[in-house]
Amino acid sequence: MDVQTLAETARQLVADGKGLLAADESTRTITKRFEKVNVESTARTRRDYREMLFTTDGIGDFLSGVILYDETIRQEGKDGTPLVQHLTDKGIIPGIKVDTGAKPLAPSGLEKVTEGLDGLRERFTEYREMGARFTKWRAVYSVGHGLPSRQCMRANAHALARYAALAQEQDIVPVVEPEVLIDGDHDIAACRAATERVLAQVFAELDEQQVVPEGMLLKPNMVLSGKEASNQAGPDEVARETIAAFKRVVPAAVPGIVFLSGGQSDEQATLNLDAINRWKDEMGAPWELSFSYARALQQAPMQTWAGDNDNARQAQQAFLARARATSAARQGRYTAAA
Ligand code: 13P
């Protein structure tokens, strides 16, 4: 493990004005998203769609890295250029999702635990040779009557930390993603309490597994009202609650926090990230506060593309517009017209 290499890559991933695109949907997940825009999901349509995103002119101004799925890191574009090369040509760092999904947690199956540790060392070796320099593992937690349980938090924290240690062993920066889900009618205080408990457990376990904080990134939810809550907190409250929660539990040595969009609307994800960055200095947040969005960057271009490569240019414009707005928000400079 070379701590300096890890720390340098982590810092590049949260460079000023830049953030991550999560384009690592599993085949099952992207198939569901394609269904919504009436696109058949085949290796070819998935390749065409992602090639469209990665070849967008100017996207390297806003993206430092892209998280890929196993199928994509092995794919070539229409002219035979590996998709990874399209990214590296633009100075974008390739990353790889390595978890194999959230599965029912025994014995009740009410909550989930993320799997994928078996054989992970060997998979990292192969992905490194293919150009991956960072990686992602996502755990999910529901909020509600007694949830998330201590059992669920401990099981997921342990797996996240084992994953992160294996990544750092091979100089691959782990993005550690504990996501407290937006689903439910809970208020923002309940989200904050769950987020603090989850993160405290995650960082205790990361420390136990000797993960170096300088060489990782945290990918959390923002502290939000539940999606069905009658009273929805606005961006300033979201920003203050989010930063206050993280200050209690996230070490200052972690170089950056890259938020997921988690089912917020495009506009909400942008306004909230903007507010978080506007409050950053006043609240004394020591980390870079950036993004690692899937839906809030891809919804618009996927709808425009809709499976027809003749729409590619227009879809790229929609993608660039979303990336530009999100980059502005990452600097606390978003205005609805940006
Ligand atoms: P969303 O931004 O759509 O939440 O996706 C981020 C992600 O990578 C979830 O694992």
# chains A, B, ... in the order shown; residues from 1 in each chain; ligands from 1
>>> closest_atom_pairs(of="chain A", to="ligand 1", cutoff="10 Å", atoms="only C-alpha atoms and all ligand atoms", output="Markdown table")
| residue | atom | partner | partner_atom_place_in_ligand_line | distance |
| --- | --- | --- | --- | --- |
| A:Leu20 | CA | ligand 1 | 8 (O) | 9.3 |
| A:Leu21 | CA | ligand 1 | 8 (O) | 8.0 |
| A:Ala22 | CA | ligand 1 | 8 (O) | 4.8 |
| A:Ala23 | CA | ligand 1 | 8 (O) | 7.3 |
| A:Asp24 | CA | ligand 1 | 8 (O) | 6.7 |
| A:Glu25 | CA | ligand 1 | 8 (O) | 7.4 |
| A:Ser26 | CA | ligand 1 | 10 (O) | 9.8 |
| A:Ile67 | CA | ligand 1 | 8 (O) | 7.8 |
| A:Leu68 | CA | ligand 1 | 8 (O) | 9.8 |
| A:Lys97 | CA | ligand 1 | 8 (O) | 8.6 |
| A:Gly101 | CA | ligand 1 | 10 (O) | 9.9 |
| A:Lys136 | CA | ligand 1 | 10 (O) | 8.0 |
| A:Trp137 | CA | ligand 1 | 10 (O) | 7.7 |
| A:Arg138 | CA | ligand 1 | 10 (O) | 5.6 |
| A:Ala139 | CA | ligand 1 | 10 (O) | 8.4 |
| A:Val140 | CA | ligand 1 | 10 (O) | 9.0 |
| A:Glu177 | CA | ligand 1 | 10 (O) | 7.3 |
| A:Pro178 | CA | ligand 1 | 10 (O) | 9.1 |
| A:Glu179 | CA | ligand 1 | 10 (O) | 8.0 |
| A:Leu181 | CA | ligand 1 | 4 (O) | 9.3 |
| A:Ile182 | CA | ligand 1 | 4 (O) | 9.8 |
| A:Lys219 | CA | ligand 1 | 7 (C) | 8.5 |
| A:Pro220 | CA | ligand 1 | 6 (C) | 9.3 |
| A:Asn221 | CA | ligand 1 | 4 (O) | 8.1 |
| A:Val258 | CA | ligand 1 | 6 (C) | 9.7 |
| A:Phe259 | CA | ligand 1 | 2 (O) | 7.6 |
| A:Leu260 | CA | ligand 1 | 2 (O) | 4.1 |
| A:Ser261 | CA | ligand 1 | 2 (O) | 3.6 |
| A:Gly262 | CA | ligand 1 | 4 (O) | 3.2 |
| A:Gly263 | CA | ligand 1 | 4 (O) | 5.8 |
| A:Gln264 | CA | ligand 1 | 4 (O) | 8.0 |
| A:Ser265 | CA | ligand 1 | 3 (O) | 9.9 |
| A:Asp266 | CA | ligand 1 | 2 (O) | 9.7 |
| A:Ala269 | CA | ligand 1 | 2 (O) | 8.7 |
| A:Phe291 | CA | ligand 1 | 2 (O) | 8.3 |
| A:Ser292 | CA | ligand 1 | 6 (C) | 6.1 |
| A:Tyr293 | CA | ligand 1 | 2 (O) | 3.5 |
| A:Ala294 | CA | ligand 1 | 2 (O) | 3.8 |
| A:Arg295 | CA | ligand 1 | 3 (O) | 3.7 |
| A:Ala296 | CA | ligand 1 | 2 (O) | 5.9 |
| A:Leu297 | CA | ligand 1 | 2 (O) | 7.6 |
| A:Gln298 | CA | ligand 1 | 3 (O) | 8.4 |
| A:Gln299 | CA | ligand 1 | 3 (O) | 9.0 |
>>> select_by_dssp(residues="range 44-221 of chain A", states="alpha helix (DSSP H)", output="JSON, numbers by chain")
{"A": [44, 45, 46, 47, 48, 49, 50, 51, 52, 53, 54, 70, 71, 72, 73, 83, 84, 85, 86, 87, 88, 89, 120, 121, 122, 123, 124, 125, 126, 127, 128, 129, 150, 151, 152, 153, 154, 155, 156, 157, 158, 159, 160, 161, 162, 163, 164, 165, 166, 167, 168, 169, 188, 189, 190, 191, 192, 193, 194, 195, 196, 197, 198, 199, 200, 201, 202, 203, 204, 205, 206, 207, 208]}
>>> residues_around(residues="Glu267 in chain A", least_positions_apart="3", cutoff="10 Å", atoms="only C-alpha atoms", output="PyMOL selection string")
chain A and resi 264+270-273+296+322+325-326+336
>>> write_last_selection(atoms="N, CA, C and O atoms", output="PDB file, in the first residue's frame")
ATOM      1  N   GLN A 264     -33.645  11.981  -5.155  1.00  0.00           N
ATOM      2  CA  GLN A 264     -34.112  13.371  -5.177  1.00  0.00           C
ATOM      3  C   GLN A 264     -34.330  13.759  -6.638  1.00  0.00           C
ATOM      4  O   GLN A 264     -33.716  13.190  -7.544  1.00  0.00           O
ATOM      5  N   THR A 270     -29.472  19.342  -6.900  1.00  0.00           N
ATOM      6  CA  THR A 270     -28.578  20.452  -7.241  1.00  0.00           C
ATOM      7  C   THR A 270     -28.663  21.548  -6.185  1.00  0.00           C
ATOM      8  O   THR A 270     -27.642  22.037  -5.691  1.00  0.00           O
ATOM      9  N   LEU A 271     -29.894  21.928  -5.824  1.00  0.00           N
ATOM     10  CA  LEU A 271     -30.071  22.995  -4.817  1.00  0.00           C
ATOM     11  C   LEU A 271     -29.484  22.589  -3.468  1.00  0.00           C
ATOM     12  O   LEU A 271     -28.869  23.399  -2.778  1.00  0.00           O
ATOM     13  N   ASN A 272     -29.667  21.331  -3.077  1.00  0.00           N
ATOM     14  CA  ASN A 272     -29.143  20.890  -1.778  1.00  0.00           C
ATOM     15  C   ASN A 272     -27.611  20.862  -1.776  1.00  0.00           C
ATOM     16  O   ASN A 272     -26.984  21.273  -0.805  1.00  0.00           O
ATOM     17  N   LEU A 273     -27.005  20.389  -2.857  1.00  0.00           N
ATOM     18  CA  LEU A 273     -25.533  20.385  -2.926  1.00  0.00           C
ATOM     19  C   LEU A 273     -24.997  21.817  -2.906  1.00  0.00           C
ATOM     20  O   LEU A 273     -23.969  22.110  -2.281  1.00  0.00           O
ATOM     21  N   ALA A 296     -29.373  11.833 -10.778  1.00  0.00           N
ATOM     22  CA  ALA A 296     -29.482  13.283 -10.992  1.00  0.00           C
ATOM     23  C   ALA A 296     -28.591  13.781 -12.132  1.00  0.00           C
ATOM     24  O   ALA A 296     -28.721  14.924 -12.564  1.00  0.00           O
ATOM     25  N   ARG A 322     -26.588  19.073 -17.203  1.00  0.00           N
ATOM     26  CA  ARG A 322     -26.723  18.565 -15.831  1.00  0.00           C
ATOM     27  C   ARG A 322     -25.367  18.570 -15.120  1.00  0.00           C
ATOM     28  O   ARG A 322     -25.270  18.893 -13.947  1.00  0.00           O
ATOM     29  N   ALA A 325     -24.410  22.224 -14.191  1.00  0.00           N
ATOM     30  CA  ALA A 325     -25.186  22.724 -13.047  1.00  0.00           C
ATOM     31  C   ALA A 325     -24.702  22.071 -11.747  1.00  0.00           C
ATOM     32  O   ALA A 325     -24.577  22.737 -10.712  1.00  0.00           O
ATOM     33  N   THR A 326     -24.416  20.789 -11.793  1.00  0.00           N
ATOM     34  CA  THR A 326     -23.982  20.079 -10.580  1.00  0.00           C
ATOM     35  C   THR A 326     -22.593  20.563 -10.155  1.00  0.00           C
ATOM     36  O   THR A 326     -22.316  20.719  -8.961  1.00  0.00           O
ATOM     37  N   ALA A 336     -30.508  28.848 -10.798  1.00  0.00           N
ATOM     38  CA  ALA A 336     -31.368  27.994 -11.632  1.00  0.00           C
ATOM     39  C   ALA A 336     -31.020  28.133 -13.108  1.00  0.00           C
ATOM     40  O   ALA A 336     -31.224  27.204 -13.874  1.00  0.00           O
TER      41      ALA A 336
END
>>> atom_distance(atom1="CA of Leu320 in chain A", atom2="CA of Gln12 in chain A")
20.4 Å
>>> residues_around(residues="Val3 in chain A", least_positions_apart="3", cutoff="8 Å", atoms="only C-alpha atoms", output="VMD selection string")
chain A and resid 6 to 7 171 212 214 to 215
>>> write_last_selection(atoms="N, CA and C atoms", output="PDB file, in the first residue's frame")
ATOM      1  N   LEU A   6      -2.556   6.773  -2.864  1.00  0.00           N
ATOM      2  CA  LEU A   6      -3.984   6.750  -2.511  1.00  0.00           C
ATOM      3  C   LEU A   6      -4.490   8.162  -2.224  1.00  0.00           C
ATOM      4  N   ALA A   7      -3.719   8.905  -1.425  1.00  0.00           N
ATOM      5  CA  ALA A   7      -4.159  10.252  -1.032  1.00  0.00           C
ATOM      6  C   ALA A   7      -4.212  11.171  -2.249  1.00  0.00           C
ATOM      7  N   ASP A 171      -3.680  -0.090  -3.739  1.00  0.00           N
ATOM      8  CA  ASP A 171      -3.613   1.319  -4.143  1.00  0.00           C
ATOM      9  C   ASP A 171      -4.819   1.770  -4.956  1.00  0.00           C
ATOM     10  N   VAL A 212      -6.923   3.673   5.858  1.00  0.00           N
ATOM     11  CA  VAL A 212      -6.293   4.988   5.994  1.00  0.00           C
ATOM     12  C   VAL A 212      -7.283   6.059   5.541  1.00  0.00           C
ATOM     13  N   GLU A 214      -7.035   9.188   4.843  1.00  0.00           N
ATOM     14  CA  GLU A 214      -6.548  10.084   3.774  1.00  0.00           C
ATOM     15  C   GLU A 214      -6.720   9.454   2.385  1.00  0.00           C
ATOM     16  N   GLY A 215      -6.818   8.144   2.332  1.00  0.00           N
ATOM     17  CA  GLY A 215      -6.866   7.450   1.040  1.00  0.00           C
ATOM     18  C   GLY A 215      -8.217   6.875   0.718  1.00  0.00           C
TER      19      GLY A 215
END
>>> select_by_dssp(residues="range 230-269 of chain A", states="strand (DSSP E)", output="ChimeraX atom specification")
/A:256-259
>>> write_last_selection(atoms="N, CA and C atoms", output="PDB file, in the first residue's frame")
ATOM      1  N   GLY A 256     -12.610  13.914   1.184  1.00  0.00           N
ATOM      2  CA  GLY A 256     -13.831  14.387   0.537  1.00  0.00           C
ATOM      3  C   GLY A 256     -15.044  13.528   0.825  1.00  0.00           C
ATOM      4  N   ILE A 257     -16.185  14.201   0.746  1.00  0.00           N
ATOM      5  CA  ILE A 257     -17.481  13.545   0.861  1.00  0.00           C
ATOM      6  C   ILE A 257     -18.170  13.754  -0.483  1.00  0.00           C
ATOM      7  N   VAL A 258     -18.565  12.667  -1.121  1.00  0.00           N
ATOM      8  CA  VAL A 258     -19.212  12.769  -2.436  1.00  0.00           C
ATOM      9  C   VAL A 258     -20.638  12.231  -2.289  1.00  0.00           C
ATOM     10  N   PHE A 259     -21.604  13.133  -2.315  1.00  0.00           N
ATOM     11  CA  PHE A 259     -22.980  12.743  -2.044  1.00  0.00           C
ATOM     12  C   PHE A 259     -23.592  11.959  -3.193  1.00  0.00           C
TER      13      PHE A 259
END
>>> residues_around(residues="Leu224 in chain A", least_positions_apart="2", cutoff="9 Å", atoms="only C-alpha atoms", output="number ranges by chain")
A: 182, 187-189, 191-192, 221-222, 226-227, 232-234, 237-238, 241-242
>>> write_last_selection(atoms="C-alpha atoms", output="mmCIF file, in the first residue's frame")
data_model
loop_
_atom_site.group_PDB
_atom_site.id
_atom_site.type_symbol
_atom_site.label_atom_id
_atom_site.label_comp_id
_atom_site.auth_asym_id
_atom_site.auth_seq_id
_atom_site.Cartn_x
_atom_site.Cartn_y
_atom_site.Cartn_z
ATOM 1 C CA ILE A 182 -34.994 8.430 1.427
ATOM 2 C CA ASP A 187 -38.812 13.631 9.453
ATOM 3 C CA ILE A 188 -35.343 15.075 8.912
ATOM 4 C CA ALA A 189 -34.432 14.486 12.595
ATOM 5 C CA CYS A 191 -32.777 10.756 9.029
ATOM 6 C CA ARG A 192 -30.096 12.650 10.903
ATOM 7 C CA ASN A 221 -26.863 10.346 1.681
ATOM 8 C CA MET A 222 -27.633 13.950 2.489
ATOM 9 C CA GLY A 226 -38.343 11.182 4.106
ATOM 10 C CA LYS A 227 -39.782 11.234 0.600
ATOM 11 C CA GLN A 232 -40.107 18.790 3.559
ATOM 12 C CA ALA A 233 -36.921 20.502 4.813
ATOM 13 C CA GLY A 234 -35.549 23.127 2.429
ATOM 14 C CA GLU A 237 -31.911 23.179 6.689
ATOM 15 C CA VAL A 238 -30.673 20.146 4.748
ATOM 16 C CA GLU A 241 -28.217 19.251 9.394
ATOM 17 C CA THR A 242 -25.972 17.371 6.987
#
